[in-house]
>>> print(open('target-v5.cif').read())   # mmCIF, C-alpha atoms (C1' of nucleotides)
data_upload
#
loop_
_atom_site.label_atom_id
_atom_site.label_comp_id
_atom_site.auth_asym_id
_atom_site.auth_seq_id
_atom_site.Cartn_x
_atom_site.Cartn_y
_atom_site.Cartn_z
CA MET A 1063 18.35 15.97 -22.81
CA SER A 1064 16.35 14.63 -19.92
CA LYS A 1065 15.97 11.01 -19.04
CA SER A 1066 12.85 9.14 -19.96
CA LEU A 1067 10.10 8.90 -17.39
CA LEU A 1068 10.63 5.19 -17.34
CA GLU A 1069 14.18 5.57 -16.10
CA LEU A 1070 13.19 7.69 -13.12
CA THR A 1071 12.54 6.42 -9.65
CA PRO A 1072 8.99 7.00 -8.43
CA VAL A 1073 10.25 9.87 -6.33
CA GLN A 1074 11.80 11.64 -9.29
CA ALA A 1075 8.73 11.09 -11.42
CA VAL A 1076 6.53 12.79 -8.85
CA ALA A 1077 8.63 15.71 -7.65
CA CYS A 1078 6.70 18.10 -9.86
CA CYS A 1079 3.11 17.86 -8.74
CA SER A 1080 0.87 19.98 -6.56
CA PRO A 1081 -0.69 18.58 -3.40
CA VAL A 1082 -3.36 15.98 -3.77
CA THR A 1083 -5.90 18.10 -1.93
CA ARG A 1084 -5.80 21.19 -4.13
CA ASP A 1085 -6.46 20.01 -7.66
CA PRO A 1086 -8.09 16.85 -8.99
CA LEU A 1087 -5.35 14.36 -9.65
CA SER A 1088 -5.16 13.06 -13.20
CA ALA A 1089 -5.28 9.32 -13.66
CA GLU A 1090 -1.70 9.44 -14.93
CA ALA A 1091 -0.43 11.38 -11.93
CA ALA A 1092 -2.19 9.01 -9.56
CA GLU A 1093 -0.56 6.05 -11.28
CA ARG A 1094 2.84 7.65 -10.74
CA ILE A 1095 2.28 8.57 -7.11
CA ALA A 1096 0.66 5.36 -5.91
CA PRO A 1097 3.79 3.17 -6.21
CA LEU A 1098 5.67 5.63 -4.06
CA VAL A 1099 3.01 5.46 -1.37
CA LYS A 1100 2.87 1.69 -1.68
CA ALA A 1101 6.59 1.62 -0.94
CA ILE A 1102 5.94 2.94 2.56
CA ALA A 1103 2.64 1.17 3.09
CA ASP A 1104 4.14 -1.68 5.09
CA PRO A 1105 5.08 -1.78 8.77
CA VAL A 1106 8.49 -3.33 8.13
CA ARG A 1107 9.41 -0.74 5.52
CA LEU A 1108 8.19 2.10 7.74
CA ARG A 1109 10.45 0.85 10.49
CA LEU A 1110 13.37 0.39 8.11
CA LEU A 1111 13.00 3.95 6.91
CA SER A 1112 12.75 5.17 10.46
CA LEU A 1113 15.72 3.13 11.64
CA VAL A 1114 17.98 4.30 8.84
CA SER A 1115 16.91 7.92 9.22
CA SER A 1116 17.42 8.07 12.96
CA HIS A 1117 20.65 6.07 12.96
CA ALA A 1118 24.01 7.67 13.73
CA ASP A 1119 25.32 9.63 10.73
CA GLY A 1120 21.98 9.04 9.01
CA GLU A 1121 23.09 5.75 7.60
CA ALA A 1122 22.78 2.14 8.64
CA CYS A 1123 24.41 -1.11 7.64
CA VAL A 1124 22.18 -3.95 6.56
CA CYS A 1125 23.63 -6.07 9.33
CA ASP A 1126 22.27 -3.62 11.91
CA LEU A 1127 18.87 -3.62 10.29
CA ASN A 1128 18.57 -7.38 10.15
CA ASP A 1129 19.00 -7.56 13.90
CA ALA A 1130 16.08 -5.23 14.53
CA PHE A 1131 13.54 -7.67 13.11
CA ASP A 1132 12.38 -11.21 13.66
CA LEU A 1133 12.48 -11.74 9.92
CA SER A 1134 14.80 -13.62 7.64
CA GLN A 1135 17.72 -11.86 5.99
CA PRO A 1136 16.25 -12.27 2.48
CA THR A 1137 13.02 -10.65 3.61
CA ILE A 1138 14.81 -7.55 4.91
CA SER A 1139 16.88 -7.46 1.74
CA HIS A 1140 13.67 -7.56 -0.27
CA HIS A 1141 12.13 -4.63 1.59
CA LEU A 1142 15.31 -2.58 1.28
CA LYS A 1143 15.30 -3.21 -2.44
CA LEU A 1144 11.74 -1.92 -2.75
CA LEU A 1145 12.58 1.24 -0.80
CA HIS A 1146 15.68 1.75 -2.91
CA GLU A 1147 13.81 1.28 -6.19
CA ALA A 1148 11.20 3.77 -5.06
CA GLY A 1149 13.97 6.30 -4.58
CA LEU A 1150 13.52 6.59 -0.83
CA LEU A 1151 16.76 4.90 0.20
CA GLU A 1152 20.21 5.33 -1.28
CA ARG A 1153 22.59 2.42 -1.38
CA GLU A 1154 26.35 2.43 -0.98
CA LYS A 1155 28.60 -0.56 -0.81
CA ARG A 1156 31.74 -0.21 1.31
CA GLY A 1157 33.80 -3.37 1.40
CA VAL A 1158 31.61 -6.28 2.31
CA TRP A 1159 28.97 -4.09 3.89
CA VAL A 1160 26.12 -2.17 2.33
CA TYR A 1161 24.96 1.09 3.86
CA TYR A 1162 21.61 2.70 3.28
CA ARG A 1163 20.64 6.32 3.87
CA VAL A 1164 17.36 8.12 3.29
CA ASN A 1165 17.03 10.28 0.22
CA ALA A 1166 16.75 13.58 2.05
CA GLY A 1167 14.10 15.33 0.05
CA ALA A 1168 12.09 12.32 -0.96
CA LEU A 1169 9.98 11.85 2.15
CA SER A 1170 9.26 15.54 2.49
CA ASP A 1171 8.28 15.78 -1.17
CA LEU A 1172 5.88 12.98 -0.53
CA ALA A 1173 4.57 14.62 2.61
CA THR A 1174 3.99 17.86 0.70
CA LEU A 1175 2.23 16.01 -2.03
CA LEU A 1176 -0.15 14.46 0.46
CA GLY A 1177 -1.39 17.84 1.47
CA GLY A 1178 0.73 18.81 4.42
CA VAL A 1179 1.12 22.22 2.83
CA THR A 1180 -2.57 23.00 2.93
CA ALA A 1181 -2.93 22.26 6.63
CA MET B 323 -13.01 7.03 29.99
CA SER B 324 -11.42 6.86 26.55
CA LYS B 325 -12.45 4.48 23.84
CA SER B 326 -10.44 1.35 23.23
CA LEU B 327 -7.69 1.48 20.64
CA LEU B 328 -9.62 -1.07 18.66
CA GLU B 329 -12.57 1.28 18.25
CA LEU B 330 -10.48 4.06 16.76
CA THR B 331 -10.00 4.70 13.08
CA PRO B 332 -6.39 4.36 11.94
CA VAL B 333 -6.14 8.14 11.85
CA GLN B 334 -7.20 8.48 15.46
CA ALA B 335 -4.88 5.74 16.58
CA VAL B 336 -1.90 7.51 15.08
CA ALA B 337 -2.51 11.16 15.87
CA CYS B 338 -0.02 11.04 18.71
CA CYS B 339 3.28 10.04 17.20
CA SER B 340 6.42 11.89 16.22
CA PRO B 341 7.69 11.91 12.63
CA VAL B 342 9.03 8.70 11.26
CA THR B 343 12.40 10.24 10.53
CA ARG B 344 13.27 11.43 14.01
CA ASP B 345 13.00 8.43 16.29
CA PRO B 346 13.05 4.73 15.53
CA LEU B 347 9.49 3.60 15.13
CA SER B 348 8.35 0.83 17.44
CA ALA B 349 6.93 -2.28 15.87
CA GLU B 350 3.58 -1.45 17.42
CA ALA B 351 3.54 2.10 16.08
CA ALA B 352 4.48 0.85 12.62
CA GLU B 353 1.61 -1.62 12.71
CA ARG B 354 -0.77 1.22 13.52
CA ILE B 355 0.51 3.59 10.88
CA ALA B 356 0.85 1.16 7.98
CA PRO B 357 -2.91 0.59 7.45
CA LEU B 358 -3.39 4.32 7.16
CA VAL B 359 -0.72 4.55 4.48
CA LYS B 360 -2.14 1.49 2.74
CA ALA B 361 -5.45 3.32 2.53
CA ILE B 362 -3.93 5.90 0.20
CA ALA B 363 -1.56 3.52 -1.58
CA ASP B 364 -3.80 3.04 -4.58
CA PRO B 365 -4.26 5.24 -7.63
CA VAL B 366 -8.05 5.10 -7.50
CA ARG B 367 -8.16 6.05 -3.84
CA LEU B 368 -5.66 8.84 -4.35
CA ARG B 369 -7.88 10.27 -7.07
CA LEU B 370 -11.01 9.84 -4.96
CA LEU B 371 -9.38 11.73 -2.11
CA SER B 372 -8.22 14.41 -4.50
CA LEU B 373 -11.60 14.70 -6.22
CA VAL B 374 -13.51 15.01 -2.97
CA SER B 375 -11.05 17.49 -1.53
CA SER B 376 -10.98 19.77 -4.54
CA HIS B 377 -14.71 19.57 -5.21
CA ALA B 378 -17.02 22.51 -4.63
CA ASP B 379 -17.80 22.95 -0.92
CA GLY B 380 -15.23 20.27 -0.16
CA GLU B 381 -17.73 17.50 -0.58
CA ALA B 382 -18.77 15.21 -3.40
CA CYS B 383 -21.66 12.91 -4.09
CA VAL B 384 -20.90 9.31 -4.92
CA CYS B 385 -22.74 9.76 -8.20
CA ASP B 386 -20.20 12.39 -9.26
CA LEU B 387 -17.30 10.18 -8.27
CA ASN B 388 -18.55 7.14 -10.17
CA ASP B 389 -18.57 9.14 -13.39
CA ALA B 390 -14.90 10.04 -13.04
CA PHE B 391 -13.74 6.45 -13.39
CA ASP B 392 -14.03 3.60 -15.86
CA LEU B 393 -14.80 1.29 -12.98
CA SER B 394 -17.96 -0.38 -11.75
CA GLN B 395 -20.09 1.27 -9.11
CA PRO B 396 -19.37 -1.48 -6.53
CA THR B 397 -15.65 -0.95 -7.00
CA ILE B 398 -15.87 2.77 -6.26
CA SER B 399 -18.11 2.03 -3.30
CA HIS B 400 -15.50 -0.41 -2.03
CA HIS B 401 -12.68 2.15 -2.24
CA LEU B 402 -14.79 4.81 -0.55
CA LYS B 403 -15.48 2.39 2.27
CA LEU B 404 -11.78 1.77 2.79
CA LEU B 405 -11.04 5.49 2.90
CA HIS B 406 -13.91 6.00 5.33
CA GLU B 407 -12.80 3.18 7.61
CA ALA B 408 -9.30 4.60 7.66
CA GLY B 409 -10.74 7.86 8.93
CA LEU B 410 -9.75 9.88 5.87
CA LEU B 411 -13.25 10.45 4.48
CA GLU B 412 -16.39 11.37 6.35
CA ARG B 413 -19.73 10.11 5.16
CA GLU B 414 -23.08 11.85 5.26
CA LYS B 415 -26.33 10.61 3.78
CA ARG B 416 -28.76 13.24 2.51
CA GLY B 417 -31.88 11.79 0.96
CA VAL B 418 -30.93 9.21 -1.61
CA TRP B 419 -27.45 10.57 -2.01
CA VAL B 420 -24.30 10.03 0.01
CA TYR B 421 -21.75 12.80 0.32
CA TYR B 422 -18.15 12.35 1.29
CA ARG B 423 -15.74 14.99 2.58
CA VAL B 424 -12.12 14.71 3.64
CA ASN B 425 -11.35 14.61 7.32
CA ALA B 426 -9.55 17.93 7.47
CA GLY B 427 -6.69 17.12 9.81
CA ALA B 428 -6.17 13.53 8.81
CA LEU B 429 -4.04 13.96 5.72
CA SER B 430 -1.90 16.63 7.27
CA ASP B 431 -1.36 14.50 10.37
CA LEU B 432 -0.19 11.77 8.09
CA ALA B 433 2.03 14.14 6.14
CA THR B 434 3.62 15.36 9.37
CA LEU B 435 4.16 11.83 10.49
CA LEU B 436 6.00 11.05 7.28
CA GLY B 437 8.59 13.63 8.05
CA GLY B 438 7.38 16.77 6.36
CA VAL B 439 8.22 18.62 9.52
CA THR B 440 11.90 17.77 9.40
CA ALA B 441 12.39 19.01 5.85
"C1'" DT C 243 42.91 -20.99 -4.75
"C1'" DA C 244 40.09 -21.92 -0.89
"C1'" DT C 245 37.20 -20.26 2.45
"C1'" DC C 246 34.51 -17.31 5.39
"C1'" DT C 247 31.20 -13.56 5.78
"C1'" DA C 248 27.73 -10.10 4.06
"C1'" DT C 249 24.22 -9.32 0.95
"C1'" DA C 250 21.25 -10.43 -3.07
"C1'" DT C 251 18.46 -13.49 -5.99
"C1'" DT C 252 15.34 -17.33 -6.92
"C1'" DG C 253 11.29 -20.16 -6.45
"C1'" DA C 254 7.51 -21.50 -3.88
"C1'" DC C 255 3.63 -20.83 -0.85
"C1'" DG C 256 -0.37 -18.68 1.60
"C1'" DG C 257 -2.88 -14.73 2.31
"C1'" DA C 258 -4.28 -10.06 0.99
"C1'" DT C 259 -6.19 -6.95 -2.62
"C1'" DG C 260 -8.76 -4.99 -6.79
"C1'" DT C 261 -12.25 -6.01 -9.78
"C1'" DC C 262 -16.61 -7.63 -11.44
"C1'" DG C 263 -21.71 -9.25 -11.83
"C1'" DA C 264 -25.51 -10.22 -9.11
"C1'" DT C 265 -28.12 -8.92 -5.44
"C1'" DA C 266 -29.63 -6.38 -1.28
"C1'" DT C 267 -30.95 -2.10 1.08
"C1'" DG C 268 -32.91 2.25 1.50
"C1'" DT C 269 -35.26 6.53 -0.19
"C1'" DG C 270 -38.54 9.29 -2.88
"C1'" DG C 271 -42.22 9.63 -6.15
"C1'" DT C 272 -46.55 7.89 -8.38
"C1'" DA D 258 -48.22 -0.68 -2.57
"C1'" DC D 259 -45.26 -0.26 -6.25
"C1'" DC D 260 -41.53 1.24 -8.98
"C1'" DA D 261 -37.23 3.76 -10.08
"C1'" DC D 262 -32.96 5.16 -8.58
"C1'" DA D 263 -28.63 5.61 -5.52
"C1'" DT D 264 -25.59 3.13 -2.86
"C1'" DA D 265 -23.88 -0.96 -0.33
"C1'" DT D 266 -22.90 -5.87 0.26
"C1'" DC D 267 -21.83 -10.54 -1.38
"C1'" DG D 268 -19.27 -14.16 -3.74
"C1'" DA D 269 -16.01 -15.33 -7.06
"C1'" DC D 270 -11.86 -14.75 -9.52
"C1'" DA D 271 -7.12 -13.31 -10.90
"C1'" DT D 272 -3.29 -10.97 -9.48
"C1'" DC D 273 -0.18 -8.99 -6.22
"C1'" DC D 274 2.54 -9.18 -1.88
"C1'" DG D 275 5.21 -10.78 2.27
"C1'" DT D 276 7.64 -14.49 3.75
"C1'" DC D 277 10.82 -18.35 3.84
"C1'" DA D 278 14.57 -21.88 2.63
"C1'" DA D 279 17.92 -22.64 -0.67
"C1'" DT D 280 21.25 -20.83 -3.47
"C1'" DA D 281 24.15 -17.36 -5.82
"C1'" DT D 282 27.37 -13.45 -5.79
"C1'" DA D 283 31.02 -10.70 -4.22
"C1'" DG D 284 34.66 -8.96 -1.08
"C1'" DA D 285 38.29 -10.02 2.44
"C1'" DT D 286 41.72 -12.92 4.21
"C1'" DA D 287 44.68 -16.71 4.47
#
>>> encode(input="target-v5.cif", output="structure tokens")
Amino acid sequence: MSKSLLELTPVQAVACCSPVTRDPLSAEAAERIAPLVKAIADPVRLRLLSLVSSHADGEACVCDLNDAFDLSQPTISHHLKLLHEAGLLEREKRGVWVYYRVNAGALSDLATLLGGVTA
Amino acid sequence: MSKSLLELTPVQAVACCSPVTRDPLSAEAAERIAPLVKAIADPVRLRLLSLVSSHADGEACVCDLNDAFDLSQPTISHHLKLLHEAGLLEREKRGVWVYYRVNAGALSDLATLLGGVTA
DNA sequence: TATCTATATTGACGGATGTCGATATGTGGT
DNA sequence: ACCACATATCGACATCCGTCAATATAGATA
């Protein structure tokens, strides 16, 4: 049996829908999609996503990421958590270090949803 | 001569950049892109965009849009203003009514920026 | 066990955001 | 001129969000 909607990340909960520009979005669908968009609606999180994605081997250690910002370590940790909970970043602990990598399909699913397909 | 960056809508200010997933985003670029993403990071605004886009002739009157929500008229007006200022909706007054239509390229530019291209 | 380092969590604070009711503005009809 | 209607703006309020300093947790090493 499939997992409850409530156990899915925003990305998983949204992977089904047609682009926003083709059919009127139901209130329920909009409520599912919005948190995913909110997750990337911040300059720090956009840069984090970009840094991880373009990093060697497609993954980056938190220690590398901290250095790229003039922000406290807890703040970066907070943003990484939000991206992870949204399903956009995957988290792997290796020894003392934590590595993040982008969930490959997630961003493109989102892009499709936003109407890239109808261009 | 070209207009100042400050006079451009977020969409115009961003139309130049490569996808977020390919190169590390500069802090400045991230600060330009984030407001655009924020503009669609709300369930009401997502539905507004979707309603306008999928409406007959690609345009919708504010009076139609108000009826689709259990929200006050000023609230819908507020969200439409945000979408317009972001460059995602165009506004045209005809008589007493105001019609909005989606800026055709804007959403797809945004989708491309978010990495749809690298899928 | 003790200690050092990497990362996460907590609690607090200021500023941004979504919503409303009241009001203003603008347009057409009488 | 006046009124009715469509839309926008204003001011207030509650909630959410980004940030920090302080602290907790967990792994490695001695």
>>> residues_around(input="target-v5.cif", residues="range 399-403 of chain B", least_positions_apart="2", cutoff="9 Å", atoms="all atoms listed in the file", output="PyMOL selection string")
(chain B and resi 361+366-367+370-371+384+388+394-397+405-408+411+422) or (chain D and resi 264-265)
>>> residues_near_point(input="target-v5.cif", point="(-14.1, 11.3, -9.5)", cutoff="7 Å", atoms="only C-alpha atoms (C1' of nucleotides)", output="list of chain:residue names")
B:Arg369, B:Leu370, B:Leu373, B:Asp386, B:Leu387, B:Asn388, B:Asp389, B:Ala390, B:Phe391
>>> closest_atom_pairs(input="target-v5.cif", of="chain D", to="chain A", cutoff="10 Å", atoms="all atoms listed in the file", output="Markdown table")
| residue | atom | partner | partner_atom | distance |
| --- | --- | --- | --- | --- |
| D:DG275 | C1' | A:Thr1137 | CA | 7.9 |
| D:DT276 | C1' | A:Thr1137 | CA | 6.6 |
| D:DC277 | C1' | A:Ser1134 | CA | 7.3 |
| D:DA278 | C1' | A:Ser1134 | CA | 9.7 |
| D:DA283 | C1' | A:Val1158 | CA | 7.9 |
| D:DG284 | C1' | A:Val1158 | CA | 5.3 |
| D:DA285 | C1' | A:Val1158 | CA | 7.7 |
>>> resolve_selection(input="target-v5.cif", expression="the PyMOL selection byres ((chain B) within 7 of (chain A))", output="count of residues only")
28
>>> resolve_selection(input="target-v5.cif", expression="the PyMOL selection byres ((chain C and resi 252) around 8)", output="PDB file with C-alpha atoms (C1' of nucleotides), in the coordinates of the input")
ATOM      1  C1'  DT C 251      18.460 -13.490  -5.990  1.00  0.00           C
ATOM      2  C1'  DG C 253      11.290 -20.160  -6.450  1.00  0.00           C
TER       3       DG C 253
ATOM      4  C1'  DT D 280      21.250 -20.830  -3.470  1.00  0.00           C
TER       5       DT D 280
END
>>> atom_distance(input="target-v5.cif", atom1="C1' of DA261 in chain D", atom2="C1' of DG263 in chain C")
20.3 Å
>>> closest_residue(input="target-v5.cif", among="C:DA248, C:DT265, C:DG270, C:DA254", to="chain B", atoms="all atoms listed in the file")
C:DG270
>>> closest_residue(input="target-v5.cif", among="C:DT247, C:DT261, C:DT267, C:DT272", to="chain A", atoms="all atoms listed in the file")
C:DT247
>>> closest_residue(input="target-v5.cif", among="A:Arg1163, A:Cys1123, A:Leu1150, A:Ala1118", to="chain C", atoms="only C-alpha atoms (C1' of nucleotides)")
A:Cys1123
>>> closest_residue(input="target-v5.cif", among="B:Ala382, B:Gly409, B:Tyr421, B:Asp392", to="chain C", atoms="all atoms listed in the file")
B:Asp392
>>> atom_distance(input="target-v5.cif", atom1="C1' of DG256 in chain C", atom2="CA of Cys1125 in chain A")
28.2 Å
>>> atom_distance(input="target-v5.cif", atom1="CA of Asn1165 in chain A", atom2="CA of Glu1152 in chain A")
6.1 Å
>>> build_atoms(input="target-v5.cif", residues="range 1151-1162 of chain A", atoms="all heavy atoms", output="mmCIF file, in the coordinates of the input")
data_model
loop_
_atom_site.group_PDB
_atom_site.id
_atom_site.type_symbol
_atom_site.label_atom_id
_atom_site.label_comp_id
_atom_site.auth_asym_id
_atom_site.auth_seq_id
_atom_site.Cartn_x
_atom_site.Cartn_y
_atom_site.Cartn_z
ATOM 1 N N LEU A 1151 15.502 5.247 -0.448
ATOM 2 C CA LEU A 1151 16.760 4.900 0.200
ATOM 3 C C LEU A 1151 17.879 4.888 -0.825
ATOM 4 O O LEU A 1151 17.704 4.394 -1.941
ATOM 5 C CB LEU A 1151 16.672 3.515 0.869
ATOM 6 C CG LEU A 1151 15.939 3.394 2.188
ATOM 7 C CD1 LEU A 1151 16.058 1.982 2.745
ATOM 8 C CD2 LEU A 1151 16.453 4.410 3.206
ATOM 9 N N GLU A 1152 19.038 5.422 -0.418
ATOM 10 C CA GLU A 1152 20.210 5.330 -1.280
ATOM 11 C C GLU A 1152 21.130 4.247 -0.754
ATOM 12 O O GLU A 1152 21.218 4.001 0.434
ATOM 13 C CB GLU A 1152 20.929 6.686 -1.340
ATOM 14 C CG GLU A 1152 20.279 7.622 -2.340
ATOM 15 C CD GLU A 1152 20.492 9.069 -1.955
ATOM 16 O OE1 GLU A 1152 21.421 9.341 -1.175
ATOM 17 O OE2 GLU A 1152 19.696 9.929 -2.421
ATOM 18 N N ARG A 1153 21.844 3.632 -1.670
ATOM 19 C CA ARG A 1153 22.590 2.420 -1.380
ATOM 20 C C ARG A 1153 24.042 2.669 -1.677
ATOM 21 O O ARG A 1153 24.406 3.190 -2.727
ATOM 22 C CB ARG A 1153 22.039 1.315 -2.282
ATOM 23 C CG ARG A 1153 22.531 -0.064 -1.998
ATOM 24 C CD ARG A 1153 21.837 -1.038 -2.951
ATOM 25 N NE ARG A 1153 22.296 -2.387 -2.693
ATOM 26 C CZ ARG A 1153 23.435 -2.882 -3.142
ATOM 27 N NH1 ARG A 1153 24.204 -2.136 -3.896
ATOM 28 N NH2 ARG A 1153 23.797 -4.128 -2.847
ATOM 29 N N GLU A 1154 24.916 2.285 -0.734
ATOM 30 C CA GLU A 1154 26.350 2.430 -0.980
ATOM 31 C C GLU A 1154 27.077 1.229 -0.421
ATOM 32 O O GLU A 1154 26.914 0.880 0.752
ATOM 33 C CB GLU A 1154 26.875 3.718 -0.313
ATOM 34 C CG GLU A 1154 28.325 4.008 -0.644
ATOM 35 C CD GLU A 1154 28.856 5.180 0.189
ATOM 36 O OE1 GLU A 1154 28.057 5.810 0.898
ATOM 37 O OE2 GLU A 1154 30.066 5.427 0.143
ATOM 38 N N LYS A 1155 27.852 0.623 -1.240
ATOM 39 C CA LYS A 1155 28.600 -0.560 -0.810
ATOM 40 C C LYS A 1155 30.001 -0.119 -0.379
ATOM 41 O O LYS A 1155 30.704 0.556 -1.122
ATOM 42 C CB LYS A 1155 28.694 -1.553 -1.964
ATOM 43 C CG LYS A 1155 29.276 -2.890 -1.559
ATOM 44 C CD LYS A 1155 28.904 -3.981 -2.562
ATOM 45 C CE LYS A 1155 29.281 -5.355 -2.014
ATOM 46 N NZ LYS A 1155 28.806 -6.429 -2.894
ATOM 47 N N ARG A 1156 30.396 -0.526 0.824
ATOM 48 C CA ARG A 1156 31.740 -0.210 1.310
ATOM 49 C C ARG A 1156 32.333 -1.512 1.821
ATOM 50 O O ARG A 1156 31.965 -1.990 2.894
ATOM 51 C CB ARG A 1156 31.698 0.831 2.430
ATOM 52 C CG ARG A 1156 31.248 2.218 1.911
ATOM 53 C CD ARG A 1156 31.838 3.363 2.733
ATOM 54 N NE ARG A 1156 31.341 3.421 4.103
ATOM 55 C CZ ARG A 1156 30.241 4.080 4.466
ATOM 56 N NH1 ARG A 1156 29.515 4.698 3.564
ATOM 57 N NH2 ARG A 1156 29.869 4.096 5.717
ATOM 58 N N GLY A 1157 33.251 -2.075 1.038
ATOM 59 C CA GLY A 1157 33.800 -3.370 1.400
ATOM 60 C C GLY A 1157 32.716 -4.418 1.292
ATOM 61 O O GLY A 1157 31.985 -4.474 0.310
ATOM 62 N N VAL A 1158 32.598 -5.217 2.323
ATOM 63 C CA VAL A 1158 31.610 -6.280 2.310
ATOM 64 C C VAL A 1158 30.229 -5.757 2.714
ATOM 65 O O VAL A 1158 29.220 -6.401 2.468
ATOM 66 C CB VAL A 1158 32.036 -7.405 3.273
ATOM 67 C CG1 VAL A 1158 31.092 -8.588 3.181
ATOM 68 C CG2 VAL A 1158 33.460 -7.832 2.988
ATOM 69 N N TRP A 1159 30.217 -4.581 3.324
ATOM 70 C CA TRP A 1159 28.970 -4.090 3.890
ATOM 71 C C TRP A 1159 28.231 -3.147 2.941
ATOM 72 O O TRP A 1159 28.848 -2.488 2.094
ATOM 73 C CB TRP A 1159 29.232 -3.384 5.219
ATOM 74 C CG TRP A 1159 29.763 -4.313 6.247
ATOM 75 C CD1 TRP A 1159 29.055 -5.159 7.051
ATOM 76 C CD2 TRP A 1159 31.136 -4.522 6.572
ATOM 77 N NE1 TRP A 1159 29.894 -5.882 7.856
ATOM 78 C CE2 TRP A 1159 31.178 -5.506 7.585
ATOM 79 C CE3 TRP A 1159 32.341 -3.981 6.123
ATOM 80 C CZ2 TRP A 1159 32.383 -5.953 8.147
ATOM 81 C CZ3 TRP A 1159 33.528 -4.420 6.667
ATOM 82 C CH2 TRP A 1159 33.540 -5.407 7.672
ATOM 83 N N VAL A 1160 26.932 -3.098 3.099
ATOM 84 C CA VAL A 1160 26.120 -2.170 2.330
ATOM 85 C C VAL A 1160 25.438 -1.223 3.313
ATOM 86 O O VAL A 1160 24.847 -1.666 4.299
ATOM 87 C CB VAL A 1160 25.066 -2.915 1.494
ATOM 88 C CG1 VAL A 1160 24.108 -1.937 0.834
ATOM 89 C CG2 VAL A 1160 25.748 -3.771 0.446
ATOM 90 N N TYR A 1161 25.566 0.065 3.010
ATOM 91 C CA TYR A 1161 24.960 1.090 3.860
ATOM 92 C C TYR A 1161 23.817 1.766 3.129
ATOM 93 O O TYR A 1161 23.925 2.073 1.946
ATOM 94 C CB TYR A 1161 26.004 2.132 4.275
ATOM 95 C CG TYR A 1161 27.068 1.573 5.178
ATOM 96 C CD1 TYR A 1161 28.162 0.896 4.650
ATOM 97 C CD2 TYR A 1161 26.970 1.693 6.567
ATOM 98 C CE1 TYR A 1161 29.130 0.359 5.481
ATOM 99 C CE2 TYR A 1161 27.933 1.167 7.399
ATOM 100 C CZ TYR A 1161 29.015 0.493 6.851
ATOM 101 O OH TYR A 1161 29.967 -0.046 7.672
ATOM 102 N N TYR A 1162 22.741 1.980 3.849
ATOM 103 C CA TYR A 1162 21.610 2.700 3.280
ATOM 104 C C TYR A 1162 21.434 4.027 4.013
ATOM 105 O O TYR A 1162 21.681 4.122 5.214
ATOM 106 C CB TYR A 1162 20.323 1.875 3.415
ATOM 107 C CG TYR A 1162 20.219 0.739 2.420
ATOM 108 C CD1 TYR A 1162 20.646 -0.544 2.746
ATOM 109 C CD2 TYR A 1162 19.681 0.955 1.157
ATOM 110 C CE1 TYR A 1162 20.549 -1.588 1.830
ATOM 111 C CE2 TYR A 1162 19.579 -0.081 0.240
ATOM 112 C CZ TYR A 1162 20.011 -1.344 0.584
ATOM 113 O OH TYR A 1162 19.910 -2.367 -0.324
#
